>>> print(open('final-v6.csv').read())   # CSV, C-alpha atoms
chain,number,residue,atom,x,y,z
A,1,ARG,CA,0.0,0.0,0.0
A,2,GLY,CA,3.0,2.3,0.5
A,3,ALA,CA,3.7,2.1,-3.3
A,4,GLY,CA,0.0,2.9,-4.0
A,5,ARG,CA,0.0,6.0,-1.8
A,6,ALA,CA,3.2,7.2,-3.5
A,7,TRP,CA,1.5,6.7,-6.9
A,8,MET,CA,-1.5,8.8,-5.8
A,9,ARG,CA,0.8,11.6,-4.7
A,10,ARG,CA,2.5,11.5,-8.1
A,11,SER,CA,-0.9,11.4,-9.9
A,12,LEU,CA,-2.1,14.5,-7.9
A,13,ALA,CA,1.1,16.4,-8.7
A,14,ARG,CA,0.8,15.5,-12.4
A,15,ALA,CA,-2.9,16.6,-12.6
A,16,LEU,CA,-2.3,19.8,-10.7
A,17,SER,CA,0.7,20.7,-12.9
A,18,GLY,CA,-1.5,20.3,-15.9
A,19,GLY,CA,-4.3,22.5,-14.4
A,20,ARG,CA,-2.2,25.3,-12.9
A,21,MET,CA,-3.3,28.8,-13.8
A,22,GLY,CA,-1.1,31.0,-15.8
A,23,SER,CA,-0.6,34.8,-15.4
A,24,SER,CA,-3.5,35.4,-17.8
A,25,ALA,CA,-6.0,33.3,-15.8
A,26,PRO,CA,-9.6,34.4,-16.1
A,27,LYS,CA,-10.9,36.3,-13.1
A,28,GLY,CA,-14.4,34.8,-12.9
A,29,MET,CA,-17.6,36.5,-12.0
A,30,SER,CA,-18.1,38.9,-9.1
A,31,THR,CA,-21.1,36.9,-7.8
A,32,PRO,CA,-22.0,33.1,-7.7
A,33,MET,CA,-23.7,31.6,-10.7
A,34,PRO,CA,-27.5,32.1,-10.4
A,35,ILE,CA,-29.4,28.8,-10.0
A,36,SER,CA,-33.2,29.2,-10.1
A,37,GLU,CA,-34.6,25.7,-10.8
A,38,PRO,CA,-34.8,22.4,-8.9
A,39,HIS,CA,-33.4,19.2,-10.4
A,40,PHE,CA,-34.9,18.8,-13.8
A,41,VAL,CA,-35.5,15.0,-13.3
A,42,LEU,CA,-35.7,14.4,-9.5
A,43,GLY,CA,-37.4,17.6,-8.6
A,44,THR,CA,-35.2,18.1,-5.6
A,45,PRO,CA,-33.1,21.2,-4.7
A,46,ILE,CA,-29.6,21.2,-6.3
A,47,GLN,CA,-28.2,23.8,-3.9
A,48,GLY,CA,-27.8,23.3,-0.2
A,49,PRO,CA,-28.0,23.3,2.7
A,50,PHE,CA,-29.5,19.9,2.2
A,51,GLU,CA,-31.6,17.9,4.7
A,52,GLY,CA,-29.9,16.7,7.8
A,53,GLY,CA,-27.8,13.5,7.5
A,54,MET,CA,-27.2,13.8,3.8
A,55,GLU,CA,-23.8,12.9,2.5
A,56,GLN,CA,-22.1,14.5,-0.5
A,57,VAL,CA,-19.1,14.2,-2.7
A,58,VAL,CA,-17.7,15.7,-6.0
A,59,PHE,CA,-16.4,13.7,-8.9
A,60,ALA,CA,-14.9,14.6,-12.3
A,61,THR,CA,-14.9,12.1,-15.1
A,62,GLY,CA,-14.5,14.3,-18.3
A,63,CYS,CA,-17.5,16.0,-19.7
A,64,PHE,CA,-20.0,16.5,-16.9
A,65,TRP,CA,-23.2,16.0,-18.9
A,66,GLY,CA,-23.1,12.2,-19.0
A,67,ALA,CA,-21.4,11.8,-15.6
A,68,GLU,CA,-24.3,13.6,-14.0
A,69,LYS,CA,-26.9,11.5,-15.7
A,70,GLY,CA,-25.2,8.3,-14.5
A,71,ALA,CA,-25.2,9.7,-11.0
A,72,TRP,CA,-28.8,10.8,-10.8
A,73,ARG,CA,-30.0,7.5,-12.2
A,74,MET,CA,-28.5,5.6,-9.2
A,75,PRO,CA,-31.2,4.4,-6.9
A,76,ASN,CA,-31.8,6.7,-3.9
A,77,VAL,CA,-29.5,9.5,-5.0
A,78,TYR,CA,-31.2,12.7,-3.6
A,79,THR,CA,-29.8,15.2,-6.0
A,80,THR,CA,-27.0,16.0,-8.4
A,81,ALA,CA,-25.6,19.2,-10.0
A,82,VAL,CA,-22.8,20.1,-12.4
A,83,GLY,CA,-20.1,22.7,-11.8
A,84,TYR,CA,-16.4,23.4,-11.6
A,85,ALA,CA,-14.0,22.3,-8.9
A,86,GLY,CA,-10.3,21.8,-8.3
A,87,GLY,CA,-9.1,25.2,-9.6
A,88,LYS,CA,-8.4,28.7,-8.3
A,89,THR,CA,-10.6,31.1,-10.3
A,90,VAL,CA,-13.6,32.2,-8.2
A,91,ASN,CA,-17.1,31.9,-9.8
A,92,PRO,CA,-15.8,30.7,-13.2
A,93,THR,CA,-17.9,30.6,-16.3
A,94,TYR,CA,-18.0,27.7,-18.7
A,95,GLU,CA,-16.2,29.7,-21.3
A,96,GLU,CA,-13.4,30.5,-18.8
A,97,VAL,CA,-13.1,26.9,-17.7
A,98,CYS,CA,-12.8,25.8,-21.3
A,99,THR,CA,-9.7,27.9,-21.7
A,100,GLY,CA,-7.9,25.5,-19.4
A,101,GLN,CA,-6.5,28.5,-17.5
A,102,THR,CA,-8.8,28.4,-14.4
A,103,GLY,CA,-7.5,25.1,-13.1
A,104,HIS,CA,-10.9,23.6,-12.7
A,105,THR,CA,-12.4,20.3,-13.7
A,106,GLU,CA,-15.9,19.8,-15.1
A,107,ALA,CA,-17.3,18.2,-11.9
A,108,VAL,CA,-20.5,16.6,-10.6
A,109,LEU,CA,-21.9,17.0,-7.1
A,110,VAL,CA,-23.7,13.9,-5.8
A,111,VAL,CA,-25.9,14.0,-2.7
A,112,TRP,CA,-27.5,11.0,-1.0
A,113,ASP,CA,-29.0,9.6,2.2
A,114,PRO,CA,-26.5,7.1,3.7
A,115,ALA,CA,-29.4,5.2,5.1
A,116,THR,CA,-30.5,4.2,1.6
A,117,LEU,CA,-27.3,4.4,-0.4
A,118,SER,CA,-23.7,3.8,0.6
A,119,PHE,CA,-20.6,5.7,-0.4
A,120,THR,CA,-19.1,2.4,-1.6
A,121,ASP,CA,-21.9,2.3,-4.2
A,122,VAL,CA,-21.2,5.9,-5.2
A,123,MET,CA,-17.5,5.3,-5.4
A,124,ARG,CA,-17.9,2.2,-7.6
A,125,GLN,CA,-20.1,4.2,-10.0
A,126,PHE,CA,-17.5,6.9,-10.3
A,127,LEU,CA,-14.6,4.5,-11.1
A,128,GLN,CA,-16.6,2.3,-13.5
A,129,CYS,CA,-18.3,5.1,-15.5
A,130,HIS,CA,-15.1,6.4,-17.1
A,131,ASP,CA,-11.5,5.4,-17.8
A,132,PRO,CA,-9.6,6.9,-14.9
A,133,SER,CA,-6.2,6.0,-16.5
A,134,GLN,CA,-6.6,8.7,-19.2
A,135,VAL,CA,-4.7,11.9,-18.3
A,136,ASN,CA,-6.2,15.3,-18.9
A,137,GLY,CA,-8.9,14.0,-21.1
A,138,GLN,CA,-11.6,11.5,-21.7
A,139,GLY,CA,-12.4,10.1,-25.1
A,140,ASN,CA,-12.6,12.9,-27.7
A,141,ASP,CA,-12.3,15.6,-25.0
A,142,HIS,CA,-8.9,16.8,-24.2
A,143,GLY,CA,-7.7,19.4,-21.7
A,144,THR,CA,-7.0,19.7,-18.0
A,145,GLN,CA,-10.7,20.5,-17.4
A,146,TYR,CA,-11.5,17.0,-18.4
A,147,ARG,CA,-9.1,15.3,-16.0
A,148,THR,CA,-10.4,12.6,-13.6
A,149,ALA,CA,-10.8,13.7,-10.0
A,150,PHE,CA,-12.3,12.7,-6.6
A,151,TYR,CA,-13.0,15.5,-4.1
A,152,TYR,CA,-13.9,14.0,-0.8
A,153,THR,CA,-15.8,15.6,2.1
A,154,THR,CA,-15.0,13.2,5.0
A,155,GLU,CA,-12.0,11.3,6.1
A,156,ASP,CA,-13.9,8.0,5.7
A,157,GLN,CA,-14.5,9.0,2.0
A,158,ARG,CA,-10.8,9.6,1.5
A,159,ARG,CA,-9.8,6.3,3.0
A,160,ILE,CA,-12.5,4.3,1.0
A,161,GLY,CA,-11.8,6.3,-2.2
A,162,GLU,CA,-8.0,5.8,-2.1
A,163,ALA,CA,-8.5,2.1,-1.4
A,164,ALA,CA,-10.9,1.8,-4.3
A,165,ILE,CA,-8.6,3.6,-6.7
A,166,GLU,CA,-5.7,1.4,-5.7
A,167,LYS,CA,-7.7,-1.7,-6.3
A,168,TYR,CA,-9.1,-0.5,-9.6
A,169,GLN,CA,-5.6,0.3,-10.8
A,170,GLU,CA,-4.7,-3.3,-10.0
A,171,LYS,CA,-7.7,-4.5,-11.9
A,172,LEU,CA,-7.0,-2.3,-14.9
A,173,GLY,CA,-3.3,-3.2,-15.0
A,174,ARG,CA,-2.2,0.4,-15.7
A,175,PRO,CA,-1.7,3.6,-13.7
A,176,ILE,CA,-4.8,5.6,-12.7
A,177,SER,CA,-4.4,9.4,-12.9
A,178,THR,CA,-7.3,10.4,-10.7
A,179,GLU,CA,-6.7,13.6,-8.7
A,180,VAL,CA,-7.5,13.1,-5.0
A,181,ARG,CA,-8.2,16.2,-2.9
A,182,ALA,CA,-10.4,17.4,0.0
A,183,LEU,CA,-13.4,19.5,-1.0
A,184,GLY,CA,-13.4,22.8,1.0
A,185,GLY,CA,-10.9,25.5,1.8
A,186,ASP,CA,-9.4,26.6,-1.4
A,187,ASN,CA,-11.1,23.8,-3.3
A,188,VAL,CA,-14.6,25.0,-3.9
A,189,PHE,CA,-17.4,23.5,-6.0
A,190,TYR,CA,-18.8,26.3,-8.1
A,191,TYR,CA,-22.2,25.7,-9.8
A,192,ALA,CA,-22.2,25.7,-13.6
A,193,GLU,CA,-24.7,27.6,-15.7
A,194,GLN,CA,-28.4,26.6,-15.4
A,195,TYR,CA,-28.5,25.3,-18.9
A,196,HIS,CA,-25.8,22.7,-18.1
A,197,GLN,CA,-27.8,21.3,-15.1
A,198,GLN,CA,-29.2,17.9,-16.0
A,199,TYR,CA,-28.4,18.8,-19.6
A,200,LEU,CA,-29.0,15.5,-21.2
A,201,ALA,CA,-32.6,15.3,-19.9
A,202,ARG,CA,-33.6,18.7,-21.4
A,203,PRO,CA,-35.5,19.0,-24.6
A,204,GLY,CA,-33.3,19.8,-27.6
A,205,SER,CA,-30.1,18.8,-25.8
A,206,ARG,CA,-27.2,17.4,-27.8
A,207,PRO,CA,-26.8,13.7,-27.1
A,208,TYR,CA,-23.1,13.7,-26.3
A,209,CYS,CA,-21.0,11.8,-23.8
A,210,SER,CA,-17.2,11.3,-24.1
A,211,ALA,CA,-16.9,8.9,-21.2
A,212,MET,CA,-15.0,5.7,-21.8
A,213,PRO,CA,-16.1,3.0,-19.3
A,214,THR,CA,-13.6,0.2,-19.3
A,215,GLY,CA,-16.1,-2.6,-18.6
A,216,VAL,CA,-13.8,-3.7,-15.7
A,217,SER,CA,-15.6,-4.3,-12.4
A,218,LEU,CA,-14.2,-2.9,-9.2
A,219,GLY,CA,-15.8,-5.9,-7.4
A,220,PRO,CA,-17.4,-6.3,-4.0
A,221,HIS,CA,-16.4,-3.9,-1.3
A,222,THR,CA,-15.0,-6.7,0.8
A,223,GLU,CA,-12.1,-6.9,-1.7
A,224,TRP,CA,-11.0,-3.2,-1.4
A,225,CYS,CA,-12.8,-1.3,1.4
A,226,PRO,CA,-10.7,-0.8,4.6
A,227,GLU,CA,-11.6,-3.6,6.9
A,228,ASP,CA,-12.6,-1.3,9.8
A,229,LEU,CA,-15.1,0.5,7.5
A,230,GLN,CA,-16.7,-2.4,5.7
A,231,GLU,CA,-19.6,-2.8,8.1
A,232,ALA,CA,-20.5,0.9,8.3
A,233,TYR,CA,-20.2,1.3,4.5
A,234,ALA,CA,-21.7,-2.0,3.4
A,235,PRO,CA,-23.2,-1.4,-0.1
A,236,LYS,CA,-26.9,-1.0,-0.6
A,237,LEU,CA,-26.6,-2.2,-4.2
A,238,GLY,CA,-25.6,-5.9,-4.6
A,239,GLU,CA,-23.8,-7.6,-7.4
A,240,ASP,CA,-27.1,-8.3,-9.1
A,241,TYR,CA,-27.5,-4.5,-9.5
A,242,TRP,CA,-24.1,-4.1,-11.1
A,243,ALA,CA,-24.6,-7.1,-13.4
A,244,LYS,CA,-27.6,-5.2,-14.9
A,245,HIS,CA,-26.7,-1.5,-14.5
A,246,ALA,CA,-22.9,-1.3,-14.5
A,247,PRO,CA,-21.7,1.6,-16.8
A,248,LYS,CA,-21.0,0.6,-20.4
A,249,PRO,CA,-19.8,2.7,-23.4
A,250,HIS,CA,-22.5,5.2,-24.4
A,251,CYS,CA,-25.0,3.7,-21.9
A,252,VAL,CA,-26.2,7.1,-20.6
A,253,LEU,CA,-27.2,8.1,-24.1
A,254,ARG,CA,-29.3,4.9,-24.6
A,255,GLU,CA,-30.9,4.8,-21.2
A,256,PRO,CA,-34.0,6.6,-20.0
A,257,HIS,CA,-33.6,9.7,-17.9
A,258,GLU,CA,-35.6,8.4,-14.9
A,259,GLN,CA,-34.0,7.2,-11.7
A,260,ILE,CA,-33.5,3.4,-11.5
A,261,THR,CA,-35.8,1.7,-9.0
A,262,TRP,CA,-34.0,-1.1,-7.2
A,263,PRO,CA,-34.8,-3.8,-6.5
A,264,PRO,CA,-37.2,-3.8,-9.5
A,265,GLN,CA,-40.9,-3.6,-8.6
>>> encode(input="final-v6.csv", output="structure tokens")
Amino acid sequence: RGAGRAWMRRSLARALSGGRMGSSAPKGMSTPMPISEPHFVLGTPIQGPFEGGMEQVVFATGCFWGAEKGAWRMPNVYTTAVGYAGGKTVNPTYEEVCTGQTGHTEAVLVVWDPATLSFTDVMRQFLQCHDPSQVNGQGNDHGTQYRTAFYYTTEDQRRIGEAAIEKYQEKLGRPISTEVRALGGDNVFYYAEQYHQQYLARPGSRPYCSAMPTGVSLGPHTEWCPEDLQEAYAPKLGEDYWAKHAPKPHCVLREPHEQITWPPQ
């Protein structure tokens, strides 16, 4: 595991060096992005504060459109939103992030009730919904804003996430480049423009997703979750769920927008 931790530090340094702002970095807006609508599919608020007991995390897997749909379709996810994280520019716009000079990723906020969904389920979705070995890009999208990233909100999330990444690297047989950082402090999740929220479910949207799921399974949490956290974070979604709903190439474009009901009624 020592070698794995050293690899993650190298991956973080590589990702951050690619996303570092230059002297001409955009300055961002003077006020936060205005968000006026609830979740287009779930009907829940996409801005906090959220109901007591909710857990949240931020992921980046390339273009945020498809990643968000994959997340909101997970059973018992409370809400999702897209935005920008991992950079320095305050209140960035989409156009600014696309310059590659703000340091941000295209990111997805996922919020859930841990009584009905486990972080091990959410982490598995994150790793399996893209190819985390790709550096500063995913599929046809290239640039530091499309890098893979995991921004945790608790120490348990960090430990579980790092263990999952280490195991998935072993399964893939090649280095993973996922950036691992705490959310908070100078790493803020900034909401993206309203038209990006739940984009793929909106009428007239462009059916696009650059994610490259590998088809490799992370496997049961007993194979990778730290032993002292396995009981508290036992998955709510069994192997039968992943056999049917594990991410596959272009799956979010073919699937309905509605949230998955599990177990099936």
>>> atom_distance(input="final-v6.csv", atom1="atom CA of Arg181 of chain A", atom2="atom CA of Gly219 of chain A")
23.8 Å
>>> atom_distance(input="final-v6.csv", atom1="atom CA of Cys225 of chain A", atom2="atom CA of Ile160 of chain A")
5.6 Å
>>> closest_residue(input="final-v6.csv", among="A:Ser205, A:Thr79, A:Ser24, A:Thr144", to="Val41 of chain A", atoms="only C-alpha atoms")
A:Thr79
>>> closest_residue(input="final-v6.csv", among="A:Gly238, A:Thr99, A:Val111, A:Gln56", to="Leu183 of chain A", atoms="only C-alpha atoms")
A:Gln56
>>> atom_distance(input="final-v6.csv", atom1="atom CA of Ala211 of chain A", atom2="atom CA of Arg158 of chain A")
23.5 Å
>>> closest_residue(input="final-v6.csv", among="A:Gly103, A:Pro26, A:Pro175, A:Pro213", to="Gly70 of chain A", atoms="all atoms listed in the file")
A:Pro213
>>> residues_around(input="final-v6.csv", residues="Asp113 of chain A", least_positions_apart="6", cutoff="7 Å", atoms="all atoms listed in the file", output="list in words")
Gly53, Met54, Glu55 and Tyr78 of chain A
>>> residues_near_point(input="final-v6.csv", point="(-20.4, 34.0, -4.8)", cutoff="9 Å", atoms="all atoms listed in the file", output="ChimeraX atom specification")
/A:29-33,90-91,190
>>> closest_residue(input="final-v6.csv", among="A:Val57, A:Ala246, A:Val82, A:Val108", to="Glu155 of chain A", atoms="all atoms listed in the file")
A:Val57
>>> residues_around(input="final-v6.csv", residues="Leu229 of chain A", least_positions_apart="6", cutoff="10 Å", atoms="only C-alpha atoms", output="number ranges by chain")
A: 156, 159-160, 221-222
>>> residues_near_point(input="final-v6.csv", point="(-14.0, 25.7, -20.4)", cutoff="10 Å", atoms="all atoms listed in the file", output="short mmCIF file (atom, residue, chain, number, x, y, z; two decimals) with C-alpha atoms, in the frame of the given file")
data_model
loop_
_atom_site.label_atom_id
_atom_site.label_comp_id
_atom_site.auth_asym_id
_atom_site.auth_seq_id
_atom_site.Cartn_x
_atom_site.Cartn_y
_atom_site.Cartn_z
CA TYR A 84 -16.40 23.40 -11.60
CA PRO A 92 -15.80 30.70 -13.20
CA THR A 93 -17.90 30.60 -16.30
CA TYR A 94 -18.00 27.70 -18.70
CA GLU A 95 -16.20 29.70 -21.30
CA GLU A 96 -13.40 30.50 -18.80
CA VAL A 97 -13.10 26.90 -17.70
CA CYS A 98 -12.80 25.80 -21.30
CA THR A 99 -9.70 27.90 -21.70
CA GLY A 100 -7.90 25.50 -19.40
CA GLN A 101 -6.50 28.50 -17.50
CA THR A 102 -8.80 28.40 -14.40
CA GLY A 103 -7.50 25.10 -13.10
CA HIS A 104 -10.90 23.60 -12.70
CA THR A 105 -12.40 20.30 -13.70
CA GLU A 106 -15.90 19.80 -15.10
CA GLY A 143 -7.70 19.40 -21.70
CA THR A 144 -7.00 19.70 -18.00
CA GLN A 145 -10.70 20.50 -17.40
CA TYR A 146 -11.50 17.00 -18.40
#
>>> residues_around(input="final-v6.csv", residues="Ala234 of chain A", least_positions_apart="3", cutoff="8 Å", atoms="all atoms listed in the file", output="MDAnalysis selection string")
chainID A and resid 118 120 221 230:231
>>> residues_around(input="final-v6.csv", residues="Leu42 of chain A", least_positions_apart="5", cutoff="10 Å", atoms="all atoms listed in the file", output="PyMOL selection string")
chain A and resi 72-73+77-80+198+257-259
>>> residues_around(input="final-v6.csv", residues="Met212 of chain A", least_positions_apart="6", cutoff="10 Å", atoms="only C-alpha atoms", output="PyMOL selection string")
chain A and resi 61-62+128-132+134+138-140+247-250
>>> closest_residue(input="final-v6.csv", among="A:Ala182, A:Cys63, A:Ala81, A:Glu162", to="Gly48 of chain A", atoms="only C-alpha atoms")
A:Ala81
>>> closest_residue(input="final-v6.csv", among="A:Gly173, A:Pro226, A:Pro38, A:Pro263", to="Thr214 of chain A", atoms="only C-alpha atoms")
A:Gly173
